[in-house]
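Colleague: One structure, as structure tokens, below. Some questions next.
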Number of protein chains: 2
Amino acid sequence: MKIHVLRLGHRPFRDQRITTHCSLVARAFGAEKMIYTGYKDNKLEVSISKVSTNFGGFFEIEYKKDWKKVIAEYKSNGWLVVHLTVYGLPIQSKIGKIRKMKKDIVIVIGGEKVPSEIYHLADFNISITPQPHSEVAALAIFLHEYFQGKELNKDFAKAKIRIIPTKSGKKIESTKNQN
Amino acid sequence: MKIHVLRLGHRPFRDQRITTHCSLVARAFGAEKMIYTGYKDNKLEVSISKVSTNFGGFFEIEYKKDWKKVIAEYKSNGWLVVHLTVYGLPIQSKIGKIRKMKKDIVIVIGGEKVPSEIYHLADFNISITPQPHSEVAALAIFLHEYFQGKELNKDFAKAKIRIIPTKSGKKIESTKNQN
């Protein structure tokens with residue numbers, strides 16, 4: 001089962017850090033790819049690629065112009081479209097069902113303005129609490145619930161930098177620039 | 001048991017959205033207060049206060065100049081200091097212990113540069129995966145694990161706006177401007 005993330009309506013200046021956090025969360029919590037729409041942002045792509053090169057794994061980031069085409073393509077390939085929105089049904093009531101469907105999933109997260117069609121195109125509109133908070137947090141909680149915490153132990157192949165968990169301080173194992 | 005969040009080193013321009021997301025996550029996932037250091041940011045405070053007024057509950061945000069004093073005060077009042085950092089020990093190995101201690105907790109989350117003393121002042125340095133991602137996500141996952149998902153059903157008293165979970169579209173109950 002694959003998980004991709006579709007981030008809608010990225011604006012390079014205003015959204016850069018939030019979209020960067022979304023990508024890093026997608027990668028760290030077990031998604032394989034993030035597609036983003038809105039404005040193309042080379043700085044974002046470079047910074048995410050650097051993290052993947054250094055910390056391992058196979059995460060991709062890609063820009064697409066037309067979000068409707070992206071969703072149509074996922075749907076035609078049999079993927080489930082899960083839209084995270086504060087207006088949706090509670091994750092705790094739906095995550096078991098979604099997991100049991102054993103389908104590839106594209107998780108849609110909005111930018112500032114979410115086109116209303118997305119609510120109808122999605123197979124599930126899911127809320128992570130009915131309180132306003134953050135697409136970064138919503139994505140993390142969805143993936144954490146979907147993978148039931150197993151993503152916390154995910155191994156990232158070919159890492160050049162590994163952080164060694166420690167009680168206090170910083171421990172890093174690095175093979176960077178040692179060829 | 002109370003939970004507060006201490007956000008270090010806020011910069012009004014660069015960090016505004018990330019710190020806003022941290023505050024909203026703190027509120028939505030069951031913390032009662034966020035203290036932030038760095039630069040005072042009235043816009044941040046106003047926007048968080050508006051959310052609290054509209055969506056209910058008793059969340060507070062407060063600026064303090066000196067993070068060391070803040071931590072010293074929490075410690076002297078018997079609070080547990082939990083620092084979320086990618087370098088720390090895995091949450092899955094420590095959350096049970098932290099929960100069983102039944103203490104009030106201040107969760108420390110860093111800004112761009114975290115002073116190294118914090119690693120030694122903290123009772124626990126905890127990582128949410130050893131991968132780089134986001135303080136917004138780290139805070140959400142910590143609170144979600146700490147409250148074991150119960151925070152998803154938290155009630156927010158005196159809300160003027162309530163979002164009604166729905167399958168597709170947006171349903172809001174509002175008593176705003178109806179006095």
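Just so we're on the same page: first chain in the structure tokens is A, next is B, and so on; residues restart at 1 for each chain, and ligands are numbered from 1 in the order they show up.
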Using only C-alpha atoms, which chain A residues lie at most 8 Å away from chain B, written as a PyMOL selection string?
Modeller: chain A and resi 17-18+21+24-25+28+51+55+86-90+92+116+119-120+124-125+127-134+136-137+140-141+144+152-153+162-171
Colleague: Kindly export the residues of the current selection with C-alpha atoms, as an mmCIF file, in the first residue's frame.
Modeller:
data_model
loop_
_atom_site.group_PDB
_atom_site.id
_atom_site.type_symbol
_atom_site.label_atom_id
_atom_site.label_comp_id
_atom_site.auth_asym_id
_atom_site.auth_seq_id
_atom_site.Cartn_x
_atom_site.Cartn_y
_atom_site.Cartn_z
ATOM 1 C CA ARG A 17 7.832 26.855 5.759
ATOM 2 C CA ILE A 18 4.412 25.258 6.228
ATOM 3 C CA HIS A 21 6.988 21.023 7.210
ATOM 4 C CA LEU A 24 9.049 16.547 5.903
ATOM 5 C CA VAL A 25 6.155 15.109 7.894
ATOM 6 C CA ALA A 28 9.139 11.036 8.144
ATOM 7 C CA VAL A 51 16.933 15.997 3.426
ATOM 8 C CA PHE A 55 18.637 11.121 5.836
ATOM 9 C CA VAL A 86 -11.654 20.414 9.950
ATOM 10 C CA TYR A 87 -15.199 20.011 8.522
ATOM 11 C CA GLY A 88 -14.908 16.267 7.880
ATOM 12 C CA LEU A 89 -15.855 13.166 9.861
ATOM 13 C CA PRO A 90 -13.724 12.365 12.923
ATOM 14 C CA GLN A 92 -11.368 8.042 15.136
ATOM 15 C CA SER A 116 -15.219 23.388 -2.717
ATOM 16 C CA TYR A 119 -15.194 17.893 -0.691
ATOM 17 C CA HIS A 120 -17.165 15.974 -3.298
ATOM 18 C CA PHE A 124 -13.411 10.587 2.642
ATOM 19 C CA ASN A 125 -13.379 14.026 4.241
ATOM 20 C CA SER A 127 -11.147 15.797 10.490
ATOM 21 C CA ILE A 128 -8.453 15.589 13.129
ATOM 22 C CA THR A 129 -10.577 17.273 15.796
ATOM 23 C CA PRO A 130 -13.232 19.834 14.804
ATOM 24 C CA GLN A 131 -10.906 22.599 16.037
ATOM 25 C CA PRO A 132 -8.803 24.847 13.806
ATOM 26 C CA HIS A 133 -5.120 23.931 13.990
ATOM 27 C CA SER A 134 -2.646 22.916 11.305
ATOM 28 C CA VAL A 136 1.094 19.826 9.365
ATOM 29 C CA ALA A 137 -0.377 18.322 12.536
ATOM 30 C CA ALA A 140 1.098 13.714 11.074
ATOM 31 C CA ILE A 141 -1.832 12.429 13.140
ATOM 32 C CA HIS A 144 0.387 8.030 12.781
ATOM 33 C CA LEU A 152 7.928 5.753 14.301
ATOM 34 C CA ASN A 153 10.359 2.876 13.709
ATOM 35 C CA ARG A 162 21.691 9.013 11.210
ATOM 36 C CA ILE A 163 20.604 10.522 14.490
ATOM 37 C CA ILE A 164 21.345 8.248 17.439
ATOM 38 C CA PRO A 165 18.662 8.677 20.121
ATOM 39 C CA THR A 166 20.220 9.898 23.333
ATOM 40 C CA LYS A 167 19.146 11.003 26.800
ATOM 41 C CA SER A 168 20.631 14.487 26.555
ATOM 42 C CA GLY A 169 22.698 16.165 23.891
ATOM 43 C CA LYS A 170 23.169 15.320 20.210
ATOM 44 C CA LYS A 171 24.597 12.158 18.665
#
Colleague: Give the strand (DSSP E or B) residues of region 6-176 of chain A, as DSSP finds them on the backbone, and put them as a PyMOL selection string.
Modeller: chain A and resi 6-10+33-38+60-63+80-90+105-109+124-127+161-163+172-174
Colleague: List the spatial neighbours of Arg99 (chain B) as a list in words - criterion: any atom at most 12 Å away, only C-alpha atoms, same-chain residues fewer than 3 positions off excluded.
Modeller: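 Contacts, with the query itself left out: Met1, Lys2, Ile3, Leu80, Val82, Ile91, Gln92, Ser93, Lys94, Ile95, Gly96, Lys102, Lys103, Asp104, Ile105, Phe142, Leu143, His144, Glu145, Tyr146, Phe147 and Gln148 of chain B.
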Colleague: Return as a PyMOL selection string the full set of residues in region 50-171 of chain B whose backbone-based DSSP assignment is alpha helix (DSSP H).
Modeller: chain B and resi 50-55+67-76+91-100+117-121+135-146
Colleague: Extract, using only C-alpha atoms, all DNA, RNA and protein residues at most 7 Å from region 109-113 of chain A, discarding same-chain residues fewer than 5 positions from it, and format them as a list in words.
Modeller: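 Non-adjacent residues within range: Leu6, Arg7, Leu8, Gly9, His10, His83, Leu84 and Glu135 of chain A.
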Colleague: Ranking B:Val106, B:Ile98, B:Leu44, B:Val70 by minimum distance to Glu32 (chain B) and counting only C-alpha atoms, which one comes first?
Modeller: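 Checking each of B:Val106, B:Ile98, B:Leu44, B:Val70 against Glu32 (chain B), counting only C-alpha atoms, the winner is B:Val106.
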Colleague: So that I can see what lies close to region 65-67 of chain B, please list as a VMD selection string the residues with an atom at most 7 Å from it, counting only C-alpha atoms and leaving out residues fewer than 3 positions away in the same chain.
Modeller: chain B and resid 37 to 38 70 to 71
Colleague: Report the distance between CA of Val108 (chain A) and CA of Met34 (chain A) in Å, rounded to one decimal place.
Modeller: 9.8 Å
Colleague: Of the candidates B:Lys160, B:Ser49, B:Glu60, B:Glu173, which shows the shortest atom-to-atom distance to Gly30 (chain B), using only C-alpha atoms?
Modeller: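 Among B:Lys160, B:Ser49, B:Glu60, B:Glu173, it is B:Glu60 that comes nearest to Gly30 (chain B).
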